[in-house]
file work_26.txt (compact mmCIF, C-alpha atoms)
# COMPACT_ATOMS: atom_id res chain seq x y z
CA LEU A 1 0.00 0.00 0.00
CA LYS A 2 1.16 3.51 -0.79
CA PHE A 3 0.13 6.84 0.64
CA GLY A 4 -1.48 9.43 -1.66
CA ASN A 5 -2.90 12.88 -1.06
CA HIS A 6 -4.79 15.73 -2.70
CA LEU A 7 -2.78 18.42 -0.99
CA ARG A 8 -1.73 20.15 -4.18
CA ARG A 9 -5.27 20.18 -5.54
CA PHE A 10 -6.70 21.56 -2.31
CA ARG A 11 -4.00 24.21 -2.20
CA PHE A 12 -4.81 25.41 -5.70
CA GLN A 13 -8.53 25.37 -5.00
CA HIS A 14 -7.79 27.54 -1.99
CA ASN A 15 -6.91 30.71 -3.98
CA GLU A 16 -3.76 29.08 -5.39
CA MET A 17 -2.22 29.14 -1.98
CA THR A 18 1.57 28.89 -1.84
CA GLN A 19 3.40 26.07 -0.09
CA GLN A 20 4.91 28.64 2.27
CA SER A 21 1.51 30.04 3.31
CA LEU A 22 0.19 26.56 3.99
CA ALA A 23 3.39 25.71 5.89
CA ASN A 24 2.90 28.82 8.04
CA ALA A 25 -0.73 27.96 8.66
CA VAL A 26 0.02 24.48 10.00
CA GLY A 27 3.41 25.29 11.59
CA VAL A 28 5.85 23.36 9.43
CA THR A 29 8.55 24.23 6.90
CA ARG A 30 7.84 24.72 3.19
CA LEU A 31 9.96 21.66 2.41
CA THR A 32 7.72 19.49 4.58
CA ILE A 33 4.65 20.53 2.57
CA HIS A 34 6.58 19.96 -0.63
CA SER A 35 7.68 16.47 0.48
CA ILE A 36 4.12 15.52 1.47
CA GLU A 37 2.80 16.67 -1.91
CA LYS A 38 5.45 14.61 -3.67
CA GLY A 39 4.56 11.59 -1.54
CA LYS A 40 8.06 11.42 -0.09
CA PHE A 41 7.03 12.12 3.49
CA ILE A 42 4.07 10.68 5.37
CA PRO A 43 2.74 13.22 7.87
CA SER A 44 1.82 12.39 11.44
CA ALA A 45 -1.84 12.02 12.38
CA LEU A 46 -1.63 15.42 14.08
CA LEU A 47 -0.34 17.18 10.96
CA ALA A 48 -2.84 15.32 8.75
CA LEU A 49 -5.68 16.51 11.01
CA LYS A 50 -4.32 20.06 11.02
CA LEU A 51 -4.20 20.09 7.22
CA ALA A 52 -7.70 18.67 6.94
CA ARG A 53 -9.03 21.19 9.44
CA PHE A 54 -7.34 24.03 7.60
CA PHE A 55 -9.08 23.08 4.35
CA ASN A 56 -12.30 22.41 6.23
CA THR A 57 -12.55 18.81 5.12
CA SER A 58 -12.02 15.34 6.57
CA VAL A 59 -8.76 13.43 6.54
CA GLU A 60 -10.34 10.76 4.30
CA ASN A 61 -11.05 13.36 1.63
CA PHE A 62 -7.53 14.49 1.80
CA PHE A 63 -5.40 11.39 2.10
CA TYR A 64 -5.93 7.99 0.52
CA LEU A 65 -4.23 4.64 0.08
CA ILE A 66 -3.03 3.37 -3.27
CA ASP A 67 -3.02 -0.39 -3.74
CA ALA A 68 0.37 -1.43 -5.01
CA PRO A 69 0.29 -4.03 -7.81
CA GLU A 70 0.70 -7.56 -6.48
CA GLU A 71 4.09 -9.14 -7.02
CA THR A 72 4.02 -12.38 -9.01
CA MET B 1 15.25 41.69 13.60
CA ARG B 2 15.59 44.70 11.28
CA ARG B 3 17.32 46.59 14.12
CA SER B 4 19.72 43.70 14.85
CA LEU B 5 20.58 43.49 11.16
CA LYS B 6 21.21 47.24 10.93
CA THR B 7 23.47 47.18 14.02
CA SER B 8 25.30 44.16 12.64
CA ASN B 9 25.71 45.91 9.26
CA ILE B 10 27.34 48.96 10.87
CA ILE B 11 29.68 46.85 13.04
CA THR B 12 30.64 44.68 10.05
CA ILE B 13 31.33 47.66 7.78
CA VAL B 14 33.53 49.38 10.40
CA LEU B 15 35.43 46.18 11.17
CA GLY B 16 35.64 45.33 7.46
CA VAL B 17 37.23 48.66 6.56
CA LEU B 18 39.67 48.41 9.48
CA SER B 19 40.50 44.83 8.64
CA LEU B 20 40.96 45.59 4.94
CA GLY B 21 43.32 48.42 5.89
CA GLY B 22 45.17 45.96 8.12
CA LEU B 23 45.36 43.47 5.28
CA ILE B 24 46.93 46.03 2.94
CA TYR B 25 49.35 47.01 5.70
CA ASP B 26 50.19 43.30 6.24
CA TYR B 27 50.88 42.84 2.53
CA PHE B 28 53.38 45.73 2.41
CA THR B 29 54.98 44.61 5.67
CA PHE B 30 55.44 41.12 4.22
CA GLN B 31 57.01 42.69 1.15
CA TYR B 32 59.42 44.51 3.44
CA LEU B 33 60.20 41.58 5.75
CA GLN B 34 60.44 38.78 3.19
CA PRO B 35 63.81 39.72 1.60
CA LEU B 36 65.30 40.40 5.05
CA THR B 37 64.31 37.04 6.47
CA LEU B 38 65.11 35.05 3.32
CA THR B 39 68.68 36.32 3.29
CA LEU B 40 68.84 35.92 7.08
CA ARG B 41 69.72 39.59 7.57
CA GLU B 42 69.17 41.27 10.91
CA ILE B 43 65.69 42.79 11.28
CA GLY B 44 65.83 45.94 13.33
CA PRO B 45 63.43 47.29 15.99
CA VAL B 46 61.41 49.14 13.33
CA ALA B 47 60.69 45.88 11.51
CA GLU B 48 59.78 44.22 14.81
CA SER B 49 57.28 46.94 15.63
CA ARG B 50 55.81 46.58 12.12
CA ALA B 51 55.45 42.84 12.75
CA MET B 52 53.53 43.63 15.94
CA PHE B 53 51.02 45.70 13.93
CA VAL B 54 50.63 42.69 11.61
CA ALA B 55 49.53 40.66 14.64
CA ILE B 56 47.03 43.38 15.59
CA GLY B 57 45.77 43.37 11.99
CA LEU B 58 45.16 39.62 12.19
CA ILE B 59 43.24 40.01 15.45
CA VAL B 60 41.04 42.65 13.79
CA ALA B 61 40.56 40.29 10.81
CA PHE B 62 39.54 37.52 13.24
CA VAL B 63 36.91 39.74 14.89
CA PHE B 64 35.71 40.94 11.47
CA HIS B 65 35.17 37.34 10.36
CA LEU B 66 33.08 36.58 13.46
CA SER B 67 31.02 39.69 12.81
CA ALA B 68 30.66 38.83 9.10
CA ILE B 69 29.45 35.27 9.81
CA VAL B 70 26.85 36.60 12.27
CA ASN B 71 25.82 39.23 9.71
CA LEU B 72 25.37 36.66 6.94
CA ALA B 73 23.23 34.48 9.21
CA LEU B 74 21.10 37.51 10.11
CA GLN B 75 20.76 38.35 6.40
CA PHE B 76 19.56 34.79 5.67
CA HIS B 77 17.09 34.99 8.52
CA PHE B 78 15.80 38.47 7.67
CA PHE B 79 15.31 37.88 3.95
CA LYS B 80 14.16 34.27 4.57
CA ASN B 81 16.28 33.19 1.67
CA SER B 82 19.86 33.00 0.55
CA ASP B 83 20.89 33.50 -3.06
CA LEU B 84 23.93 31.92 -4.69
CA ILE B 85 26.15 34.97 -4.06
CA GLN B 86 25.29 34.99 -0.33
CA LYS B 87 25.98 31.25 -0.10
CA ALA B 88 29.28 31.72 -1.94
CA THR B 89 30.17 34.62 0.40
CA LEU B 90 29.59 32.37 3.41
CA LEU B 91 31.73 29.62 1.90
CA VAL B 92 34.57 32.03 1.06
CA GLY B 93 34.14 33.50 4.56
CA LEU B 94 34.64 30.11 6.22
CA LEU B 95 37.71 29.49 4.05
CA SER B 96 39.02 32.96 4.77
CA PHE B 97 38.44 32.43 8.51
CA LEU B 98 40.71 29.40 8.36
CA CYS B 99 43.28 31.49 6.46
CA VAL B 100 43.47 33.89 9.42
CA PHE B 101 44.44 30.90 11.54
CA GLY B 102 46.82 29.70 8.78
CA ALA B 103 48.48 33.12 8.45
CA TRP B 104 48.96 33.31 12.21
CA GLY B 105 50.55 29.84 12.28
CA LEU B 106 52.77 30.57 9.27
CA LEU B 107 54.02 33.86 10.76
CA SER B 108 54.82 32.03 13.96
CA ASP B 109 56.73 29.36 11.95
CA ILE B 110 58.59 32.01 9.94
CA GLY B 111 59.66 33.75 13.16
CA LYS B 112 60.90 30.52 14.75
CA GLU B 113 62.66 29.18 11.64
CA TYR B 114 64.27 32.56 10.89
CA ARG B 115 65.84 32.55 14.35
CA LEU B 116 67.15 29.03 13.71
CA GLY B 117 68.46 30.06 10.26
CA LEU B 118 66.24 27.62 8.36
CA GLU B 119 64.80 27.82 4.83
CA ILE B 120 61.47 29.74 4.91
CA ALA B 121 60.69 30.47 1.22
CA GLY B 122 57.83 27.93 1.21
CA GLU B 123 56.20 29.48 4.28
CA TRP B 124 56.27 32.93 2.66
CA GLN B 125 54.60 31.59 -0.48
CA MET B 126 51.87 29.95 1.60
CA LEU B 127 51.43 33.16 3.56
CA TYR B 128 50.83 35.15 0.38
CA PHE B 129 48.43 32.44 -0.77
CA CYS B 130 46.46 32.88 2.49
CA LEU B 131 45.97 36.56 1.67
CA ILE B 132 43.99 35.78 -1.53
CA PRO B 133 40.81 34.36 0.11
CA LEU B 134 41.15 36.96 2.86
CA ALA B 135 41.15 39.86 0.39
CA PHE B 136 38.41 38.26 -1.71
CA PHE B 137 36.16 37.77 1.30
CA HIS B 138 36.66 41.34 2.54
CA LEU B 139 35.51 42.69 -0.82
CA LEU B 140 32.59 40.26 -1.14
CA MET B 141 31.44 40.96 2.39
CA LEU B 142 31.65 44.74 2.09
CA LEU B 143 29.63 44.55 -1.13
CA SER B 144 27.09 42.22 0.49
CA VAL B 145 26.66 44.44 3.58
CA THR B 146 26.26 47.65 1.59
CA SER B 147 23.63 46.07 -0.66
CA THR B 148 21.88 44.67 2.45
CA CYS B 149 21.79 48.16 3.98
CA LYS B 150 19.80 49.36 0.98
CA LYS B 151 17.55 46.29 0.82
CA ALA B 152 16.82 46.20 4.57
CA ASN B 153 15.36 49.70 4.43
CA THR B 154 13.07 48.99 1.52
CA ALA B 155 12.46 45.25 1.61
CA ASN B 156 8.99 44.10 2.37
CA VAL B 157 9.45 40.41 2.91
CA THR B 158 6.95 39.01 0.42
CA GLU B 159 5.79 36.16 2.58
CA PRO B 160 6.46 35.60 6.27
CA VAL B 161 8.15 32.36 7.29
CA PHE B 162 7.11 31.05 10.69
CA LYS B 163 9.14 27.87 10.71
CA GLU B 164 12.83 28.50 10.14
CA GLU B 165 14.68 26.45 7.54
CA VAL B 166 17.36 28.76 6.06
CA ILE B 167 19.47 28.93 9.23
CA PHE B 168 18.81 25.22 9.81
CA THR B 169 20.40 24.37 6.43
CA THR B 170 23.14 27.02 6.83
CA VAL B 171 24.26 25.47 10.14
CA HIS B 172 24.50 22.09 8.44
CA TYR B 173 26.43 23.49 5.45
CA ALA B 174 28.86 25.00 7.97
CA GLY B 175 28.99 21.61 9.70
CA ILE B 176 30.02 19.95 6.44
CA PHE B 177 32.72 22.56 5.79
CA CYS B 178 34.12 22.53 9.34
CA GLY B 179 33.96 18.73 9.63
CA LEU B 180 35.69 18.20 6.29
CA THR B 181 38.39 20.79 7.01
CA GLY B 182 39.06 19.32 10.43
CA LEU B 183 39.32 15.79 9.04
CA VAL B 184 41.65 16.84 6.21
CA LEU B 185 43.86 18.73 8.66
CA THR B 186 43.94 15.84 11.16
CA LEU B 187 44.73 13.28 8.46
CA GLY B 188 47.28 15.69 6.94
CA TYR B 189 49.17 16.06 10.21
CA LEU B 190 49.02 12.29 10.67
CA GLY B 191 50.17 11.65 7.09
CA PHE B 192 53.13 14.02 7.41
CA GLY B 193 54.24 12.08 10.49
CA THR B 194 53.96 15.06 12.84
CA SER B 195 55.47 14.24 16.22
CA ILE B 196 53.14 13.50 19.13
CA ARG B 197 54.53 16.53 20.98
CA SER B 198 53.65 18.85 18.08
CA LEU B 199 50.25 17.19 17.70
CA LYS B 200 49.52 17.86 21.38
CA ALA B 201 50.23 21.55 20.81
CA LEU B 202 48.35 21.82 17.50
CA VAL B 203 45.27 19.65 17.97
CA PRO B 204 43.42 21.66 20.68
CA LEU B 205 44.25 24.90 18.88
CA TYR B 206 42.94 24.03 15.43
CA THR B 207 40.00 22.03 16.80
CA ILE B 208 38.73 25.06 18.69
CA PHE B 209 39.43 27.41 15.78
CA ILE B 210 37.68 25.26 13.17
CA MET B 211 34.64 24.77 15.39
CA ILE B 212 34.13 28.51 16.03
CA PRO B 213 32.07 29.28 12.85
CA TYR B 214 29.87 26.24 13.41
CA PHE B 215 29.19 27.14 17.04
CA LEU B 216 28.55 30.75 16.09
CA LEU B 217 25.89 29.78 13.55
CA ALA B 218 24.41 27.19 15.92
CA LEU B 219 24.18 29.89 18.62
CA ILE B 220 22.32 32.19 16.20
CA TRP B 221 19.94 29.36 15.40
CA LEU B 222 19.39 28.81 19.15
CA ARG B 223 18.82 32.55 19.67
CA ILE B 224 16.17 32.57 16.94
CA ASN B 225 14.41 29.58 18.53
CA ARG B 226 14.92 30.59 22.15
CA LYS B 227 11.26 31.43 22.74
CA GLU B 228 10.01 28.14 21.30
CA ARG B 229 9.45 25.00 23.35
CA LEU B 230 12.00 22.22 22.73
CA ALA B 231 9.40 20.20 20.82
CA GLU B 232 8.85 23.16 18.49
CA TRP B 233 12.49 23.69 17.55
CA TYR B 234 12.03 21.56 14.47
CA ASP B 235 9.01 20.55 12.48
CA GLU B 236 8.14 16.87 12.22
CA LYS B 237 10.00 16.26 8.98
CA GLN B 238 13.14 17.89 10.39
CA PHE B 239 12.86 15.65 13.49
CA HIS B 240 12.40 12.68 11.20
CA ASP B 241 15.45 13.64 9.07
CA LEU B 242 17.60 14.32 12.13
CA GLY B 243 16.70 10.88 13.47
CA LYS B 244 17.74 9.17 10.24
CA ALA B 245 20.92 11.26 10.06
CA GLY B 246 21.68 10.25 13.67
CA LEU B 247 21.43 6.57 12.76
CA VAL B 248 23.71 6.99 9.72
CA THR B 249 26.21 8.89 11.89
CA LEU B 250 26.16 6.22 14.59
CA VAL B 251 26.83 3.39 12.14
CA LEU B 252 29.57 5.19 10.19
CA SER B 253 31.34 6.63 13.21
CA LEU B 254 31.37 3.23 14.95
CA LEU B 255 32.95 1.70 11.87
CA TRP B 256 35.48 4.48 11.46
CA MET B 257 36.40 4.69 15.12
CA GLY B 258 36.76 0.89 15.24
CA LEU B 259 39.37 1.13 12.47
CA LEU B 260 41.15 3.90 14.35
CA PHE B 261 41.14 1.81 17.51
CA LEU B 262 42.69 -1.14 15.62
CA PHE B 263 45.31 1.19 14.11
CA GLY B 264 46.31 2.38 17.58
CA PHE B 265 46.19 -1.14 18.97
CA PHE B 266 48.60 -2.73 16.50
CA HIS B 267 51.05 0.11 15.84
CA SER B 268 53.96 1.21 17.93
CA PHE B 269 53.44 4.86 16.80
CA HIS B 270 50.52 6.04 18.90
CA PRO B 271 49.12 9.35 17.70
CA VAL B 272 45.63 7.87 18.14
CA GLY B 273 45.45 8.97 21.77
CA VAL B 274 45.92 12.59 20.68
CA ILE B 275 43.81 12.66 17.52
CA PHE B 276 41.01 10.41 18.74
CA PHE B 277 38.75 13.21 19.92
CA PRO B 278 39.11 15.69 17.01
CA PHE B 279 38.84 12.83 14.56
CA HIS B 280 35.58 11.67 16.12
CA LEU B 281 34.25 15.22 16.47
CA PHE B 282 34.92 16.22 12.85
CA LEU B 283 33.73 12.92 11.44
CA VAL B 284 30.47 13.01 13.38
CA LEU B 285 29.95 16.65 12.40
CA LEU B 286 30.57 15.93 8.73
CA VAL B 287 28.42 12.80 8.49
CA PHE B 288 25.59 14.18 10.61
CA SER B 289 25.39 17.51 8.77
CA ALA B 290 25.71 15.95 5.32
CA SER B 291 23.13 13.23 5.95
CA THR B 292 20.69 15.68 7.57
CA LEU B 293 20.87 17.92 4.50
CA VAL B 294 20.51 14.98 2.12
CA PHE B 295 17.39 13.71 3.92
CA PHE B 296 15.94 17.20 4.39
CA GLN B 297 16.33 18.26 0.79
CA LYS B 298 15.51 14.90 -0.76
CA GLU B 299 12.39 15.31 -2.85
call {"tool": "encode", "arguments": {"input": "work_26.txt", "output": "structure tokens"}}
result
Amino acid sequence: LKFGNHLRRFRFQHNEMTQQSLANAVGVTRLTIHSIEKGKFIPSALLALKLARFFNTSVENFFYLIDAPEET
Amino acid sequence: MRRSLKTSNIITIVLGVLSLGGLIYDYFTFQYLQPLTLTLREIGPVAESRAMFVAIGLIVAFVFHLSAIVNLALQFHFFKNSDLIQKATLLVGLLSFLCVFGAWGLLSDIGKEYRLGLEIAGEWQMLYFCLIPLAFFHLLMLLSVTSTCKKANTANVTEPVFKEEVIFTTVHYAGIFCGLTGLVLTLGYLGFGTSIRSLKALVPLYTIFIMIPYFLLALIWLRINRKERLAEWYDEKQFHDLGKAGLVTLVLSLLWMGLLFLFGFFHSFHPVGVIFFPFHLFLVLLVFSASTLVFFQKE
């Protein structure tokens, strides 16, 4: 299973918000937001909830699991 | 922050001008002293008093470098960014800082070897070589500070940054530079077969000197974060990256220090007892800083 997110989409829907503004809003660095968007860093439950709250949505709408193809 | 930067700008400009004047004075004094010492002629009291002013000039240069490093860190923090020229200025500054130490050591060597009537042409060449990064850094820094003076008055930082990352990365870049320099110097002294007695005199001196820029930047970082709780010093990705970097450092330093232990164990020449600590310090600093930056900036 892999971890996916709609962070970038939500950010753009939110007046094309910059990574830095979002980072400031949830108290992390810009690189952390960037890494989450790229799927390189999995946020803690606390940060995931903060992000969801900021965009006024639920964590399930925001983050999702991707089924990895089965190895044969 | 704007006020701190302005104060730092003024101090750096004053020290920079004084230090640059000292550097020019040093150059002409070297030109005067070099032929006298190379031909082992007597240097009179006038030359000795000129040499004393050279020492004062180097002390001013030392203080200027400390002020310049603090100023660059404040610039990074104020503008929330660092362009290539600022990064290059910091790098040249760290190199130049080491050249102050090098020039001091070389002058001391020239003085001792002149009294013993030994060949000192090589030392003079190295001394002149040390002046190049010093002069280059003075010019770069004076340009950087004057442009900052203009920008600090007009700059409206486009977007505030609440969670610091520029100083965080700067401290680690300095860690890489200081760690690498310390390791090269330690291995160099070991490779040249420096006597244990000389090592005992040199090791504490250069270890302290090399670590000064790193500690200075780390102190600035601490000052910026002083009002935060310990848990808020880093964000969660930084904590995560520091943890991974700590593991890499532990594994590599254990391996490296094991080899050093075996070297000391099986050899009759035992410099290991003297170089053990700086070797460990510089290695840990280098590996930890490098791996933290790699993990932090990995996309």
call {"tool": "closest_atom_pairs", "arguments": {"input": "work_26.txt", "of": "segment 108-204 of chain B", "to": "segment 28-40 of chain B", "cutoff": "10 Å", "atoms": "all atoms listed in the file", "output": "tab-separated table"}}
result
residue	atom	partner	partner_atom	distance
B:Ile110	CA	B:Thr37	CA	8.4
B:Gly111	CA	B:Thr37	CA	8.8
B:Glu113	CA	B:Thr37	CA	9.6
B:Tyr114	CA	B:Thr37	CA	6.3
B:Arg115	CA	B:Leu40	CA	8.6
B:Leu116	CA	B:Leu40	CA	9.7
B:Gly117	CA	B:Leu40	CA	6.7
B:Leu118	CA	B:Leu40	CA	8.8
B:Glu119	CA	B:Leu38	CA	7.4
B:Ile120	CA	B:Leu38	CA	6.6
B:Ala121	CA	B:Leu38	CA	6.7
B:Trp124	CA	B:Gln34	CA	7.2
B:Gln125	CA	B:Gln34	CA	10.0
B:Leu127	CA	B:Phe30	CA	8.9
B:Tyr128	CA	B:Phe30	CA	8.5
call {"tool": "residues_around", "arguments": {"input": "work_26.txt", "residues": "segment 16-28 of chain A", "least_positions_apart": "2", "cutoff": "12 Å", "atoms": "all atoms listed in the file", "output": "PyMOL selection string"}}
result
(chain A and resi 7-14+30-37+43-44+46-55) or (chain B and resi 80+158-165+232-239)
call {"tool": "atom_distance", "arguments": {"input": "work_26.txt", "atom1": "atom CA of Leu286 of chain B", "atom2": "atom CA of Arg197 of chain B"}}
result
26.9 Å
call {"tool": "residues_near_point", "arguments": {"input": "work_26.txt", "point": "(45.6, 25.0, 9.5)", "cutoff": "9 Å", "atoms": "all atoms listed in the file", "output": "list in words"}}
result
Leu98, Cys99, Phe101, Gly102, Ala103, Gly105, Thr181, Gly182, Leu185, Tyr206 and Ile210 of chain B
call {"tool": "residues_around", "arguments": {"input": "work_26.txt", "residues": "segment 81-93 of chain B", "least_positions_apart": "6", "cutoff": "9 Å", "atoms": "only C-alpha atoms", "output": "JSON, numbers by chain"}}
result
{"B": [65, 68, 69, 72, 73, 75, 133, 134, 136, 137, 138, 140, 141, 144, 166, 170, 173, 174, 177]}
call {"tool": "closest_residue", "arguments": {"input": "work_26.txt", "among": "B:Ala55, B:Val17, B:Leu142, B:Cys149", "to": "Arg2 of chain B", "atoms": "all atoms listed in the file"}}
result
B:Cys149
call {"tool": "closest_residue", "arguments": {"input": "work_26.txt", "among": "A:Val59, A:His6, A:Gly39, A:Asn15", "to": "chain B", "atoms": "all atoms listed in the file"}}
result
A:Gly39
call {"tool": "closest_residue", "arguments": {"input": "work_26.txt", "among": "B:Leu283, B:Ala51, B:Leu293, B:Leu262", "to": "chain A", "atoms": "all atoms listed in the file"}}
result
B:Leu293
call {"tool": "decode", "arguments": {"input": "work_26.txt", "residues": "segment 50-71 of chain A", "atoms": "N, CA and C atoms", "output": "tab-separated table (two decimals), in the first residue's frame"}}
result
chain	number	residue	atom	x	y	z
A	50	LYS	N	-4.46	18.60	11.14
A	50	LYS	CA	-4.32	20.06	11.02
A	50	LYS	C	-4.58	20.51	9.58
A	51	LEU	N	-4.01	19.75	8.64
A	51	LEU	CA	-4.20	20.09	7.22
A	51	LEU	C	-5.67	19.98	6.83
A	52	ALA	N	-6.29	18.88	7.27
A	52	ALA	CA	-7.70	18.67	6.94
A	52	ALA	C	-8.56	19.78	7.55
A	53	ARG	N	-8.26	20.12	8.78
A	53	ARG	CA	-9.03	21.19	9.44
A	53	ARG	C	-8.84	22.52	8.70
A	54	PHE	N	-7.61	22.77	8.29
A	54	PHE	CA	-7.34	24.03	7.60
A	54	PHE	C	-8.18	24.15	6.33
A	55	PHE	N	-8.31	23.04	5.60
A	55	PHE	CA	-9.08	23.08	4.35
A	55	PHE	C	-10.56	22.75	4.57
A	56	ASN	N	-10.92	22.64	5.86
A	56	ASN	CA	-12.30	22.41	6.23
A	56	ASN	C	-12.86	21.14	5.57
A	57	THR	N	-12.12	20.09	5.70
A	57	THR	CA	-12.55	18.81	5.12
A	57	THR	C	-12.14	17.69	6.07
A	58	SER	N	-12.43	16.45	5.71
A	58	SER	CA	-12.02	15.34	6.57
A	58	SER	C	-10.73	14.72	6.04
A	59	VAL	N	-10.05	14.03	6.92
A	59	VAL	CA	-8.76	13.43	6.54
A	59	VAL	C	-8.95	12.46	5.38
A	60	GLU	N	-10.09	11.74	5.37
A	60	GLU	CA	-10.34	10.76	4.30
A	60	GLU	C	-10.46	11.43	2.93
A	61	ASN	N	-10.95	12.66	2.91
A	61	ASN	CA	-11.05	13.36	1.63
A	61	ASN	C	-9.69	13.84	1.13
A	62	PHE	N	-8.82	13.86	2.02
A	62	PHE	CA	-7.53	14.49	1.80
A	62	PHE	C	-6.44	13.48	1.47
A	63	PHE	N	-6.41	12.43	2.26
A	63	PHE	CA	-5.40	11.39	2.10
A	63	PHE	C	-6.08	10.08	1.69
A	64	TYR	N	-5.36	9.28	0.95
A	64	TYR	CA	-5.93	7.99	0.52
A	64	TYR	C	-4.81	6.96	0.36
A	65	LEU	N	-5.21	5.72	0.26
A	65	LEU	CA	-4.23	4.64	0.08
A	65	LEU	C	-4.27	4.15	-1.36
A	66	ILE	N	-3.11	3.89	-1.90
A	66	ILE	CA	-3.03	3.37	-3.27
A	66	ILE	C	-2.61	1.90	-3.16
A	67	ASP	N	-3.39	1.03	-3.76
A	67	ASP	CA	-3.02	-0.39	-3.74
A	67	ASP	C	-1.86	-0.62	-4.70
A	68	ALA	N	-0.78	-1.13	-4.15
A	68	ALA	CA	0.37	-1.43	-5.01
A	68	ALA	C	0.08	-2.69	-5.80
A	69	PRO	N	0.55	-2.82	-7.05
A	69	PRO	CA	0.29	-4.03	-7.81
A	69	PRO	C	0.93	-5.24	-7.13
A	70	GLU	N	0.19	-6.36	-7.16
A	70	GLU	CA	0.70	-7.56	-6.48
A	70	GLU	C	1.90	-8.12	-7.21
A	71	GLU	N	2.87	-8.56	-6.41
A	71	GLU	CA	4.09	-9.14	-7.02
A	71	GLU	C	3.80	-10.58	-7.39
